[in-house]
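Student: Have a look at this one before I ask anything.
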Amino acid sequence: MIRDITLGQYYAADSVIHRLDPRTKLVGTLAYLIALFIFNNPYVFALAAFFLITLILLSHVPFRFILKGLKPILFLLLFTVIINMLFVKGTPLFSIWKITVTEEGVKQAVSMGGRLILLILGSNLMTLTTTPTRLTAGMEHLMRPLKLIGVPVHEIAMMMSIALRFIPILMEETDRIMKAQLARGADFESGNLFKKIRSFVPVLVPLFVSAFRRANDLAMAMEARCYHGGKGRTQYRPLRYTRRDAVAYLILILYLAAVFAAGKWLSELATPWFKEMIGYAGSVSVSMSEVY
Amino acid sequence: MKKKKEKKSEKTGGNNAVSKKETAGAGVFLDISGLRYEYIRRDEENNVEGITTAVDDVSLKVRPGQFIAILGHNGSGKSTLAKHINAILMPAEGTVTVDGMDTQDAERLLDIRRTAGMVFQNPDNQIIGQVVDEDVAFGPENMGVPTKEIEERVEESLKILGMWNYRDASPNRLSGGQKQRVSIAGVIAMHPKCIILDEPTAMLDPKGRYEVIRAARALNETEGITIILITHYMEEVIHADTVFVMDGGKLKMSGSPREVFSRVEELKEMRLAVPQATELAWELKKAGLDLPDGILDRKELVKALIKCGRSDGRI
């Protein structure tokens, strides 16, 4: 059961988006996210939403899979919207008791909420259409320039892919140890939070011991198979840009140009991104608007 | 002695592809002489607390293409010995020479490891890739084999081990026996001359055990790869060319399976069980039946019993 958990929530399908080079997708997602935060403008959001929906349709991933990604941030989303609505000052719209909802507040709330949703859905689309292996490979490639300043890029990527391989195994192991301790009369359920955390010690100790043993075994197995770091290493499935990726980059550039155009000429308020980032904290934006 | 070594390195130094056939059946592939290895326990201040001699003055020779089994109880030093062949451990005393290369020669470390591949006990802890074919490609990738050739090697080795249909599967979904076959495929993809299997079946069920041993025998017979199988399951060593028995870090016996298994009492002293048929034959003989020594399997036992019965006039 537990071994069926796939990390990175990959949705297997055969589509243009799936076949894109992971580097294209990583760069694309990053550019998409940055573009979202540069402009605070309904036209830009509409454009971003349209762009995203087109991509989702192209990817053959069912909408409900993509929407699932919103679940974990539902609380954050509601929190952001409510805080923005209640505490941003400006022209009052209506007020109940001591709470005043302002026009600016509603605008801010909608834009923050919409931005968050688009952000999560956008990055979700990337992880749904790219296997963790290809994602790590893409990251390794993109981070390659960092090697010049001494970042161990290959080692980081290797660690990531080994972690991805061992997480299901360690989860299975946790499950097994918990059952073994339950059979010995361990109690993981009752008591307050501290007691519950304490009751996990008999699970964590054997888990760590076993993890270290596994690490030792794995290191030996890797050495036995001639592993000696990234030097002189070839690749079984090297990443290759194809014409598809060139087209994707072109579309991305066109999209970004459209976003910039919409943000510059159609907006009544093109705000610098750092103010937006601070505004995201909600409460801070209160003092900011006071200043203005 | 010195001369002999020079000669060997000449022979193997130049052309690896040709030497496989040339040396098959003749010469020495693996030469262990006077090997000694100690595990040193230290306390927190790095003082020596105690020394355990895991391998003590072991010498043995293996010819290319042989199927070798090393038997021994837990703690007999058999795994430690195996790790020397792959240059994971370095001898404290003595030398280990693999295909003419001294394992202490740091420059030839990768050559040694690709010549003598190793499969370990726990299938989960030696699969590196998240997908079967990626794992098989790991060795060739490290060796710097060109992409095109890696693809060929992955296909070839997965087909040899009968795992080609699982190439896109996650290793987590395979059975233990299948995982071990993937591990063996990963070693085969490095085109080794020898595979050391360090208790590959210890964590498997009987079915998985059978799969792995059958695969090892097939590699030995069809590909001519030297197999060194380390195990404590007696049934697995019946087909070996030579069996070495270790106990307490020392090499206690060597010979054909028949020779070794005819010394039941000595094996029992080393807390080693003999195959069931051998044991039964031995007990029957003790009880007075006229049976030959070193019966290995059920068929032989039945034959011997019929013969024995006929000579008694009971059948």
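Letters A, B, ... mark the chains of the structure tokens in the order given; residue numbers begin at 1 per chain; ligand numbers begin at 1, in order shown.
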Identify, on the basis of only C-alpha atoms, every residue whose closest approach to B:Gln276 does not exceed 10 Å; exclude the query and any residue fewer than 6 positions from it along the same chain; express the result as a ChimeraX atom specification.
Tutor: /B:234-235,282,295-298
Student: Selection from above, C-alpha atoms, as a JSON list (two decimals), in the first residue's frame, can you write it?
Tutor:
```
[["chain", "number", "residue", "atom", "x", "y", "z"],
["B", 234, "MET", "CA", 23.84, -25.79, 1.15],
["B", 235, "GLU", "CA", 21.41, -26.55, -1.66],
["B", 282, "TRP", "CA", 24.69, -39.98, 6.31],
["B", 295, "ILE", "CA", 25.30, -37.99, -1.90],
["B", 296, "LEU", "CA", 24.12, -34.58, -3.06],
["B", 297, "ASP", "CA", 20.46, -34.72, -3.97],
["B", 298, "ARG", "CA", 17.31, -36.78, -3.80]]
```
Student: Counting only C-alpha atoms, which residues from chain A have an atom at most 7 Å from any atom of chain B, and could you show them as a JSON list (two decimals) with all heavy atoms, in the first residue's frame?
Tutor:
```
[["chain", "number", "residue", "atom", "x", "y", "z"],
["A", 3, "ARG", "N", 3.94, 1.46, -0.51],
["A", 3, "ARG", "CA", 4.93, 1.52, -1.58],
["A", 3, "ARG", "C", 4.34, 2.09, -2.87],
["A", 3, "ARG", "O", 5.04, 2.36, -3.82],
["A", 3, "ARG", "CB", 5.54, 0.14, -1.82],
["A", 3, "ARG", "CG", 4.56, -0.88, -2.37],
["A", 3, "ARG", "CD", 5.28, -2.14, -2.71],
["A", 3, "ARG", "NE", 5.85, -2.77, -1.51],
["A", 3, "ARG", "CZ", 6.59, -3.86, -1.57],
["A", 3, "ARG", "NH1", 6.88, -4.39, -2.72],
["A", 3, "ARG", "NH2", 7.05, -4.42, -0.48],
["A", 162, "ILE", "N", 18.44, 9.99, -4.77],
["A", 162, "ILE", "CA", 18.50, 8.88, -3.81],
["A", 162, "ILE", "C", 17.41, 9.05, -2.74],
["A", 162, "ILE", "O", 16.75, 8.09, -2.35],
["A", 162, "ILE", "CB", 19.89, 8.77, -3.17],
["A", 162, "ILE", "CG1", 20.88, 8.23, -4.21],
["A", 162, "ILE", "CG2", 19.87, 7.86, -1.96],
["A", 162, "ILE", "CD1", 22.29, 8.22, -3.75],
["A", 165, "ARG", "N", 14.24, 7.93, -4.05],
["A", 165, "ARG", "CA", 14.16, 6.48, -4.13],
["A", 165, "ARG", "C", 13.90, 5.86, -2.76],
["A", 165, "ARG", "O", 13.18, 4.89, -2.64],
["A", 165, "ARG", "CB", 15.46, 5.95, -4.73],
["A", 165, "ARG", "CG", 15.89, 4.58, -4.31],
["A", 165, "ARG", "CD", 15.83, 3.56, -5.42],
["A", 165, "ARG", "NE", 16.21, 2.25, -4.94],
["A", 165, "ARG", "CZ", 15.36, 1.40, -4.37],
["A", 165, "ARG", "NH1", 14.11, 1.69, -4.20],
["A", 165, "ARG", "NH2", 15.80, 0.22, -3.95],
["A", 214, "ARG", "N", 21.33, 1.35, 6.02],
["A", 214, "ARG", "CA", 21.02, 1.39, 4.59],
["A", 214, "ARG", "C", 21.97, 2.31, 3.85],
["A", 214, "ARG", "O", 22.46, 1.99, 2.76],
["A", 214, "ARG", "CB", 19.59, 1.91, 4.38],
["A", 214, "ARG", "CG", 18.54, 0.85, 4.54],
["A", 214, "ARG", "CD", 17.17, 1.46, 4.31],
["A", 214, "ARG", "NE", 16.14, 0.62, 4.86],
["A", 214, "ARG", "CZ", 15.68, -0.47, 4.27],
["A", 214, "ARG", "NH1", 16.17, -0.85, 3.12],
["A", 214, "ARG", "NH2", 14.74, -1.19, 4.84],
["A", 217, "ASP", "N", 25.24, 0.57, 3.37],
["A", 217, "ASP", "CA", 25.13, -0.45, 2.32],
["A", 217, "ASP", "C", 25.10, 0.18, 0.94],
["A", 217, "ASP", "O", 25.76, -0.28, 0.02],
["A", 217, "ASP", "CB", 23.82, -1.26, 2.50],
["A", 217, "ASP", "CG", 23.97, -2.32, 3.56],
["A", 217, "ASP", "OD1", 25.03, -2.35, 4.21],
["A", 217, "ASP", "OD2", 23.02, -3.10, 3.75],
["A", 218, "LEU", "N", 24.30, 1.24, 0.83],
["A", 218, "LEU", "CA", 24.12, 1.87, -0.47],
["A", 218, "LEU", "C", 25.44, 2.47, -0.95],
["A", 218, "LEU", "O", 25.81, 2.35, -2.12],
["A", 218, "LEU", "CB", 23.05, 2.95, -0.39],
["A", 218, "LEU", "CG", 22.71, 3.57, -1.73],
["A", 218, "LEU", "CD1", 21.85, 2.63, -2.54],
["A", 218, "LEU", "CD2", 22.01, 4.90, -1.57],
["A", 221, "ALA", "N", 27.49, -0.27, -2.25],
["A", 221, "ALA", "CA", 26.99, -0.77, -3.54],
["A", 221, "ALA", "C", 27.32, 0.21, -4.66],
["A", 221, "ALA", "O", 27.65, -0.19, -5.77],
["A", 221, "ALA", "CB", 25.48, -0.99, -3.46],
["A", 224, "ALA", "N", 30.96, -0.13, -5.46],
["A", 224, "ALA", "CA", 31.22, -1.38, -6.17],
["A", 224, "ALA", "C", 30.82, -1.26, -7.64],
["A", 224, "ALA", "O", 31.31, -2.00, -8.47],
["A", 224, "ALA", "CB", 30.45, -2.52, -5.52],
["A", 225, "ARG", "N", 29.93, -0.32, -7.93],
["A", 225, "ARG", "CA", 29.55, -0.12, -9.33],
["A", 225, "ARG", "C", 30.27, 1.08, -9.93],
["A", 225, "ARG", "O", 29.74, 1.78, -10.77],
["A", 225, "ARG", "CB", 28.04, 0.01, -9.44],
["A", 225, "ARG", "CG", 27.39, -1.39, -9.35],
["A", 225, "ARG", "CD", 25.94, -1.32, -9.07],
["A", 225, "ARG", "NE", 25.18, -0.98, -10.26],
["A", 225, "ARG", "CZ", 23.87, -0.81, -10.26],
["A", 225, "ARG", "NH1", 23.20, -0.94, -9.13],
["A", 225, "ARG", "NH2", 23.24, -0.52, -11.35],
["A", 226, "CYS", "N", 31.48, 1.28, -9.46],
["A", 226, "CYS", "CA", 32.40, 2.27, -10.06],
["A", 226, "CYS", "C", 31.97, 3.71, -9.87],
["A", 226, "CYS", "O", 32.43, 4.58, -10.61],
["A", 226, "CYS", "CB", 32.61, 2.02, -11.55],
["A", 226, "CYS", "SG", 33.48, 0.50, -11.89],
["A", 227, "TYR", "N", 31.10, 4.01, -8.92],
["A", 227, "TYR", "CA", 30.72, 5.41, -8.73],
["A", 227, "TYR", "C", 31.91, 6.18, -8.16],
["A", 227, "TYR", "O", 32.51, 5.76, -7.17],
["A", 227, "TYR", "CB", 29.52, 5.52, -7.79],
["A", 227, "TYR", "CG", 29.06, 6.95, -7.62],
["A", 227, "TYR", "CD1", 28.43, 7.62, -8.65],
["A", 227, "TYR", "CD2", 29.26, 7.63, -6.43],
["A", 227, "TYR", "CE1", 28.02, 8.92, -8.52],
["A", 227, "TYR", "CE2", 28.85, 8.95, -6.28],
["A", 227, "TYR", "CZ", 28.23, 9.58, -7.33],
["A", 227, "TYR", "OH", 27.83, 10.89, -7.19],
["A", 232, "GLY", "N", 33.70, 12.45, -15.41],
["A", 232, "GLY", "CA", 33.80, 11.42, -16.44],
["A", 232, "GLY", "C", 32.57, 10.55, -16.56],
["A", 232, "GLY", "O", 32.62, 9.48, -17.12],
["A", 233, "ARG", "N", 31.46, 11.03, -16.01],
["A", 233, "ARG", "CA", 30.24, 10.24, -16.02],
["A", 233, "ARG", "C", 29.45, 10.54, -17.28],
["A", 233, "ARG", "O", 29.32, 11.69, -17.68],
["A", 233, "ARG", "CB", 29.41, 10.60, -14.78],
["A", 233, "ARG", "CG", 28.49, 9.52, -14.33],
["A", 233, "ARG", "CD", 28.00, 9.78, -12.91],
["A", 233, "ARG", "NE", 27.16, 8.68, -12.52],
["A", 233, "ARG", "CZ", 25.85, 8.64, -12.75],
["A", 233, "ARG", "NH1", 25.26, 9.65, -13.31],
["A", 233, "ARG", "NH2", 25.14, 7.59, -12.40],
["A", 234, "THR", "N", 28.93, 9.51, -17.92],
["A", 234, "THR", "CA", 28.06, 9.74, -19.06],
["A", 234, "THR", "C", 26.62, 9.54, -18.62],
["A", 234, "THR", "O", 26.37, 9.14, -17.49],
["A", 234, "THR", "CB", 28.36, 8.76, -20.20],
["A", 234, "THR", "OG1", 28.48, 7.46, -19.65],
["A", 234, "THR", "CG2", 29.63, 9.13, -20.92],
["A", 235, "GLN", "N", 25.68, 9.82, -19.52],
["A", 235, "GLN", "CA", 24.28, 9.69, -19.13],
["A", 235, "GLN", "C", 23.53, 8.73, -20.03],
["A", 235, "GLN", "O", 23.73, 8.70, -21.23],
["A", 235, "GLN", "CB", 23.61, 11.06, -19.12],
["A", 235, "GLN", "CG", 23.84, 11.75, -17.79],
["A", 235, "GLN", "CD", 23.29, 13.14, -17.79],
["A", 235, "GLN", "OE1", 23.50, 13.91, -18.71],
["A", 235, "GLN", "NE2", 22.57, 13.46, -16.74],
["A", 236, "TYR", "N", 22.66, 7.97, -19.38],
["A", 236, "TYR", "CA", 21.84, 6.98, -20.09],
["A", 236, "TYR", "C", 20.78, 7.71, -20.91],
["A", 236, "TYR", "O", 20.55, 7.40, -22.07],
["A", 236, "TYR", "CB", 21.21, 6.07, -19.05],
["A", 236, "TYR", "CG", 20.18, 5.10, -19.55],
["A", 236, "TYR", "CD1", 20.37, 4.37, -20.71],
["A", 236, "TYR", "CD2", 19.01, 4.91, -18.83],
["A", 236, "TYR", "CE1", 19.42, 3.46, -21.15],
["A", 236, "TYR", "CE2", 18.06, 4.01, -19.26],
["A", 236, "TYR", "CZ", 18.26, 3.29, -20.42],
["A", 236, "TYR", "OH", 17.32, 2.41, -20.84]]
```
Student: Find the residues near stretch 26-32 of chain A: any atom within 10 Å, counting only C-alpha atoms, skip ones fewer than 4 places away on the same chain, and give them as a short mmCIF file (atom, residue, chain, number, x, y, z; two decimals) with all heavy atoms, in the first residue's frame.
Tutor:
```cif
data_model
loop_
_atom_site.label_atom_id
_atom_site.label_comp_id
_atom_site.auth_asym_id
_atom_site.auth_seq_id
_atom_site.Cartn_x
_atom_site.Cartn_y
_atom_site.Cartn_z
N ASP A 21 11.13 19.10 -22.65
CA ASP A 21 12.33 18.94 -21.84
C ASP A 21 12.08 19.53 -20.44
O ASP A 21 11.48 20.59 -20.32
CB ASP A 21 13.48 19.68 -22.53
CG ASP A 21 14.81 19.35 -21.91
OD1 ASP A 21 15.10 19.87 -20.82
OD2 ASP A 21 15.54 18.56 -22.51
N PRO A 22 12.52 18.82 -19.39
CA PRO A 22 12.26 19.35 -18.04
C PRO A 22 12.84 20.74 -17.83
O PRO A 22 12.28 21.54 -17.08
CB PRO A 22 12.94 18.33 -17.12
CG PRO A 22 13.81 17.51 -17.98
CD PRO A 22 13.22 17.54 -19.34
N LEU A 36 3.75 36.69 -12.65
CA LEU A 36 2.56 36.85 -11.81
C LEU A 36 2.78 37.89 -10.73
O LEU A 36 1.86 38.59 -10.32
CB LEU A 36 2.21 35.52 -11.13
CG LEU A 36 1.23 34.60 -11.83
CD1 LEU A 36 1.02 33.37 -10.97
CD2 LEU A 36 -0.09 35.30 -12.05
N PHE A 37 4.02 37.94 -10.23
CA PHE A 37 4.26 38.81 -9.09
C PHE A 37 4.70 40.22 -9.49
O PHE A 37 4.74 41.11 -8.66
CB PHE A 37 5.29 38.18 -8.14
CG PHE A 37 4.61 37.29 -7.15
CD1 PHE A 37 4.47 35.94 -7.40
CD2 PHE A 37 4.07 37.82 -5.99
CE1 PHE A 37 3.82 35.12 -6.51
CE2 PHE A 37 3.41 37.01 -5.09
CZ PHE A 37 3.28 35.65 -5.35
N ALA A 48 -2.89 35.32 -17.52
CA ALA A 48 -2.21 34.18 -16.90
C ALA A 48 -3.16 33.00 -16.78
O ALA A 48 -2.78 31.85 -17.05
CB ALA A 48 -1.68 34.58 -15.53
N PHE A 51 -3.71 31.47 -20.20
CA PHE A 51 -2.50 30.74 -20.59
C PHE A 51 -2.43 29.38 -19.88
O PHE A 51 -2.21 28.33 -20.48
CB PHE A 51 -1.28 31.59 -20.22
CG PHE A 51 0.04 31.03 -20.66
CD1 PHE A 51 0.30 30.80 -22.00
CD2 PHE A 51 1.04 30.76 -19.73
CE1 PHE A 51 1.53 30.30 -22.42
CE2 PHE A 51 2.26 30.27 -20.14
CZ PHE A 51 2.51 30.04 -21.48
N LEU A 52 -2.70 29.42 -18.56
CA LEU A 52 -2.61 28.21 -17.76
C LEU A 52 -3.66 27.18 -18.20
O LEU A 52 -3.36 26.00 -18.34
CB LEU A 52 -2.79 28.55 -16.29
CG LEU A 52 -2.52 27.41 -15.32
CD1 LEU A 52 -1.06 26.99 -15.39
CD2 LEU A 52 -2.87 27.81 -13.90
N LEU A 118 -3.18 30.78 -8.99
CA LEU A 118 -2.48 30.60 -10.25
C LEU A 118 -1.07 30.05 -10.03
O LEU A 118 -0.57 29.21 -10.78
CB LEU A 118 -2.40 31.93 -11.01
CG LEU A 118 -3.73 32.41 -11.60
CD1 LEU A 118 -3.57 33.80 -12.17
CD2 LEU A 118 -4.22 31.45 -12.67
N LEU A 119 -0.46 30.54 -8.95
CA LEU A 119 0.90 30.10 -8.62
C LEU A 119 0.94 28.61 -8.32
O LEU A 119 1.76 27.86 -8.87
CB LEU A 119 1.37 30.92 -7.41
CG LEU A 119 2.73 30.70 -6.80
CD1 LEU A 119 3.29 32.05 -6.45
CD2 LEU A 119 2.65 29.87 -5.54
N GLY A 122 0.00 26.51 -11.41
CA GLY A 122 1.08 26.51 -12.39
C GLY A 122 2.20 25.56 -12.02
O GLY A 122 2.64 24.75 -12.84
N SER A 123 2.64 25.63 -10.75
CA SER A 123 3.73 24.73 -10.38
C SER A 123 3.24 23.29 -10.30
O SER A 123 4.00 22.35 -10.55
CB SER A 123 4.38 25.17 -9.06
OG SER A 123 3.41 25.59 -8.17
N ASN A 124 1.96 23.11 -9.96
CA ASN A 124 1.39 21.77 -9.95
C ASN A 124 1.44 21.13 -11.32
O ASN A 124 1.74 19.95 -11.46
CB ASN A 124 -0.08 21.84 -9.55
CG ASN A 124 -0.27 21.29 -8.17
OD1 ASN A 124 0.71 20.96 -7.51
ND2 ASN A 124 -1.49 21.17 -7.75
N LEU A 125 1.15 21.93 -12.34
CA LEU A 125 1.14 21.40 -13.69
C LEU A 125 2.52 20.87 -14.04
O LEU A 125 2.65 19.81 -14.66
CB LEU A 125 0.72 22.50 -14.68
CG LEU A 125 0.63 22.02 -16.12
CD1 LEU A 125 -0.49 21.02 -16.28
CD2 LEU A 125 0.44 23.19 -17.06
N MET A 126 3.54 21.57 -13.59
CA MET A 126 4.90 21.11 -13.89
C MET A 126 5.18 19.76 -13.22
O MET A 126 5.65 18.83 -13.86
CB MET A 126 5.92 22.14 -13.43
CG MET A 126 7.33 21.68 -13.70
SD MET A 126 8.56 22.79 -13.05
CE MET A 126 8.34 22.55 -11.30
N THR A 127 4.88 19.65 -11.92
CA THR A 127 5.20 18.39 -11.23
C THR A 127 4.30 17.25 -11.70
O THR A 127 4.71 16.10 -11.65
CB THR A 127 5.09 18.54 -9.70
OG1 THR A 127 3.84 19.13 -9.40
CG2 THR A 127 6.21 19.38 -9.15
N THR A 130 5.96 15.97 -15.12
CA THR A 130 7.38 15.63 -15.18
C THR A 130 7.70 14.60 -14.12
O THR A 130 7.32 14.78 -12.97
CB THR A 130 8.24 16.89 -14.93
OG1 THR A 130 7.64 17.99 -15.57
CG2 THR A 130 9.65 16.70 -15.44
N LEU A 135 12.91 15.71 -13.47
CA LEU A 135 12.94 16.99 -12.77
C LEU A 135 14.32 17.22 -12.15
O LEU A 135 14.91 18.30 -12.28
CB LEU A 135 11.87 16.99 -11.68
CG LEU A 135 11.18 18.31 -11.39
CD1 LEU A 135 10.60 18.93 -12.63
CD2 LEU A 135 10.10 18.10 -10.35
N GLY A 138 16.79 17.89 -14.84
CA GLY A 138 16.64 19.26 -15.33
C GLY A 138 17.28 20.27 -14.39
O GLY A 138 17.99 21.18 -14.82
N MET A 139 17.04 20.07 -13.09
CA MET A 139 17.63 20.98 -12.10
C MET A 139 19.15 20.92 -12.15
O MET A 139 19.82 21.95 -12.08
CB MET A 139 17.15 20.61 -10.70
CG MET A 139 15.77 21.10 -10.40
SD MET A 139 15.32 20.58 -8.74
CE MET A 139 13.67 21.21 -8.65
N LEU A 142 20.32 22.92 -15.09
CA LEU A 142 20.15 24.37 -14.97
C LEU A 142 21.09 24.95 -13.93
O LEU A 142 21.49 26.10 -14.01
CB LEU A 142 18.70 24.69 -14.61
CG LEU A 142 17.69 24.45 -15.73
CD1 LEU A 142 16.28 24.70 -15.23
CD2 LEU A 142 17.99 25.37 -16.91
N ALA A 248 8.20 26.01 -27.58
CA ALA A 248 7.73 26.32 -26.24
C ALA A 248 8.37 27.61 -25.73
O ALA A 248 7.69 28.47 -25.16
CB ALA A 248 8.03 25.17 -25.29
N TYR A 249 9.67 27.75 -25.96
CA TYR A 249 10.35 28.96 -25.51
C TYR A 249 9.79 30.19 -26.23
O TYR A 249 9.61 31.25 -25.64
CB TYR A 249 11.87 28.85 -25.74
CG TYR A 249 12.59 28.20 -24.58
CD1 TYR A 249 13.25 26.99 -24.74
CD2 TYR A 249 12.60 28.80 -23.32
CE1 TYR A 249 13.90 26.39 -23.68
CE2 TYR A 249 13.25 28.21 -22.26
CZ TYR A 249 13.91 27.00 -22.44
OH TYR A 249 14.55 26.42 -21.39
N ILE A 251 6.77 30.56 -27.44
CA ILE A 251 5.46 30.85 -26.86
C ILE A 251 5.62 31.54 -25.52
O ILE A 251 4.93 32.51 -25.20
CB ILE A 251 4.63 29.55 -26.71
CG1 ILE A 251 4.29 29.00 -28.10
CG2 ILE A 251 3.36 29.79 -25.91
CD1 ILE A 251 3.63 27.65 -28.08
N LEU A 252 6.58 31.08 -24.74
CA LEU A 252 6.83 31.67 -23.43
C LEU A 252 7.21 33.14 -23.58
O LEU A 252 6.71 34.00 -22.85
CB LEU A 252 7.95 30.89 -22.72
CG LEU A 252 8.25 31.34 -21.29
CD1 LEU A 252 7.09 31.01 -20.38
CD2 LEU A 252 9.52 30.72 -20.79
N ILE A 253 8.08 33.42 -24.53
CA ILE A 253 8.52 34.80 -24.74
C ILE A 253 7.33 35.67 -25.17
O ILE A 253 7.13 36.77 -24.66
CB ILE A 253 9.66 34.85 -25.79
CG1 ILE A 253 10.93 34.28 -25.15
CG2 ILE A 253 9.90 36.28 -26.26
CD1 ILE A 253 12.03 34.00 -26.12
N TYR A 255 4.24 35.12 -24.49
CA TYR A 255 3.38 35.28 -23.31
C TYR A 255 3.92 36.37 -22.41
O TYR A 255 3.19 37.25 -21.95
CB TYR A 255 3.27 33.94 -22.56
CG TYR A 255 2.70 34.08 -21.17
CD1 TYR A 255 1.35 34.35 -20.98
CD2 TYR A 255 3.52 33.97 -20.05
CE1 TYR A 255 0.83 34.50 -19.71
CE2 TYR A 255 3.01 34.12 -18.78
CZ TYR A 255 1.67 34.39 -18.61
OH TYR A 255 1.16 34.55 -17.36
N LEU A 256 5.22 36.32 -22.15
CA LEU A 256 5.82 37.30 -21.27
C LEU A 256 5.68 38.71 -21.86
O LEU A 256 5.38 39.66 -21.13
CB LEU A 256 7.30 36.97 -21.02
CG LEU A 256 7.55 35.73 -20.16
CD1 LEU A 256 9.04 35.48 -20.01
CD2 LEU A 256 6.91 35.87 -18.79
N VAL A 259 2.24 39.82 -21.25
CA VAL A 259 2.05 40.18 -19.85
C VAL A 259 2.63 41.56 -19.59
O VAL A 259 2.01 42.41 -18.95
CB VAL A 259 2.70 39.13 -18.93
CG1 VAL A 259 2.84 39.66 -17.52
CG2 VAL A 259 1.88 37.85 -18.93
#
```
Student: Where in stretch 17-258 of chain B does DSSP assign helix (DSSP H, G or I), given as a ChimeraX atom specification?
Tutor: /B:17-23,78-85,106-115,124-126,132-143,147-160,164-166,171-173,176-188,206-222,234-237,257-258
Student: Emit the selected residues as a compact mmCIF listing (two decimals), in the first residue's frame, including C-alpha atoms.
Tutor:
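For reference, result-v3.txt as written:
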```txt
# COMPACT_ATOMS: atom_id res chain seq x y z
CA ALA B 17 38.06 -8.31 -25.22
CA VAL B 18 40.28 -11.03 -26.56
CA SER B 19 41.64 -12.26 -23.27
CA LYS B 20 38.23 -13.61 -22.22
CA LYS B 21 38.38 -16.57 -24.55
CA GLU B 22 42.11 -16.96 -24.35
CA THR B 23 42.15 -17.44 -20.63
CA LYS B 78 33.18 -15.03 4.10
CA SER B 79 31.67 -11.61 3.38
CA THR B 80 34.85 -9.85 4.45
CA LEU B 81 36.74 -12.06 2.05
CA ALA B 82 34.30 -11.18 -0.74
CA LYS B 83 34.74 -7.44 -0.19
CA HIS B 84 38.47 -7.83 -0.80
CA ILE B 85 37.91 -9.18 -4.30
CA ALA B 106 44.79 2.59 -6.56
CA GLU B 107 45.14 3.47 -10.23
CA ARG B 108 43.40 0.30 -11.34
CA LEU B 109 40.62 0.52 -8.77
CA LEU B 110 37.88 1.16 -11.33
CA ASP B 111 39.24 -1.54 -13.64
CA ILE B 112 39.12 -4.03 -10.81
CA ARG B 113 35.58 -3.06 -9.88
CA ARG B 114 34.36 -3.40 -13.42
CA THR B 115 36.12 -6.73 -13.84
CA ASP B 124 16.65 -2.64 -1.42
CA ASN B 125 19.95 -1.16 -0.39
CA GLN B 126 21.78 -1.60 -3.65
CA VAL B 132 14.64 -0.45 -13.31
CA ASP B 133 16.42 0.52 -16.52
CA GLU B 134 17.95 3.61 -14.92
CA ASP B 135 19.40 1.46 -12.20
CA VAL B 136 20.94 -0.95 -14.67
CA ALA B 137 22.46 2.05 -16.48
CA PHE B 138 24.13 3.34 -13.31
CA GLY B 139 27.30 1.26 -13.63
CA PRO B 140 27.94 2.01 -17.33
CA GLU B 141 27.22 5.70 -16.65
CA ASN B 142 29.94 5.76 -14.01
CA MET B 143 32.32 4.04 -16.39
CA THR B 147 24.88 6.92 -24.33
CA LYS B 148 24.16 4.74 -27.34
CA GLU B 149 26.12 1.84 -25.94
CA ILE B 150 24.52 2.21 -22.50
CA GLU B 151 21.13 1.68 -24.13
CA GLU B 152 22.37 -1.51 -25.80
CA ARG B 153 23.93 -2.78 -22.59
CA VAL B 154 20.79 -2.09 -20.55
CA GLU B 155 18.63 -3.96 -23.03
CA GLU B 156 21.07 -6.85 -23.30
CA SER B 157 21.51 -7.35 -19.57
CA LEU B 158 17.83 -6.98 -18.72
CA LYS B 159 17.03 -9.56 -21.38
CA ILE B 160 19.64 -11.99 -20.08
CA TRP B 164 13.21 -6.60 -19.85
CA ASN B 165 9.45 -6.43 -19.43
CA TYR B 166 9.92 -4.63 -16.12
CA PRO B 171 12.03 -1.17 -8.09
CA ASN B 172 9.74 -0.78 -5.09
CA ARG B 173 7.07 -2.80 -6.83
CA GLY B 176 12.78 -9.74 -3.73
CA GLY B 177 13.95 -12.22 -6.35
CA GLN B 178 13.18 -9.75 -9.14
CA LYS B 179 15.05 -6.99 -7.31
CA GLN B 180 18.10 -9.20 -7.00
CA ARG B 181 17.91 -10.02 -10.69
CA VAL B 182 17.85 -6.29 -11.42
CA SER B 183 20.94 -5.91 -9.22
CA ILE B 184 22.66 -8.68 -11.17
CA ALA B 185 21.63 -7.03 -14.45
CA GLY B 186 23.19 -3.81 -13.14
CA VAL B 187 26.47 -5.65 -12.69
CA ILE B 188 26.21 -7.49 -16.03
CA PRO B 206 12.36 -19.98 -1.70
CA LYS B 207 10.98 -18.89 -5.07
CA GLY B 208 13.20 -15.81 -5.21
CA ARG B 209 16.16 -17.91 -4.11
CA TYR B 210 15.59 -20.32 -6.98
CA GLU B 211 15.29 -17.45 -9.51
CA VAL B 212 18.57 -15.88 -8.42
CA ILE B 213 20.58 -19.09 -8.32
CA ARG B 214 19.24 -20.17 -11.68
CA ALA B 215 20.23 -16.79 -13.13
CA ALA B 216 23.73 -17.10 -11.68
CA ARG B 217 24.19 -20.58 -13.12
CA ALA B 218 22.94 -19.48 -16.52
CA LEU B 219 25.43 -16.61 -16.57
CA ASN B 220 28.19 -19.03 -15.75
CA GLU B 221 27.21 -21.55 -18.38
CA THR B 222 26.18 -19.36 -21.30
CA MET B 234 23.84 -25.79 1.15
CA GLU B 235 21.41 -26.55 -1.66
CA GLU B 236 22.81 -23.64 -3.64
CA VAL B 237 26.35 -24.97 -3.81
CA PRO B 257 30.78 -30.39 -3.53
CA ARG B 258 30.91 -34.17 -3.31
```
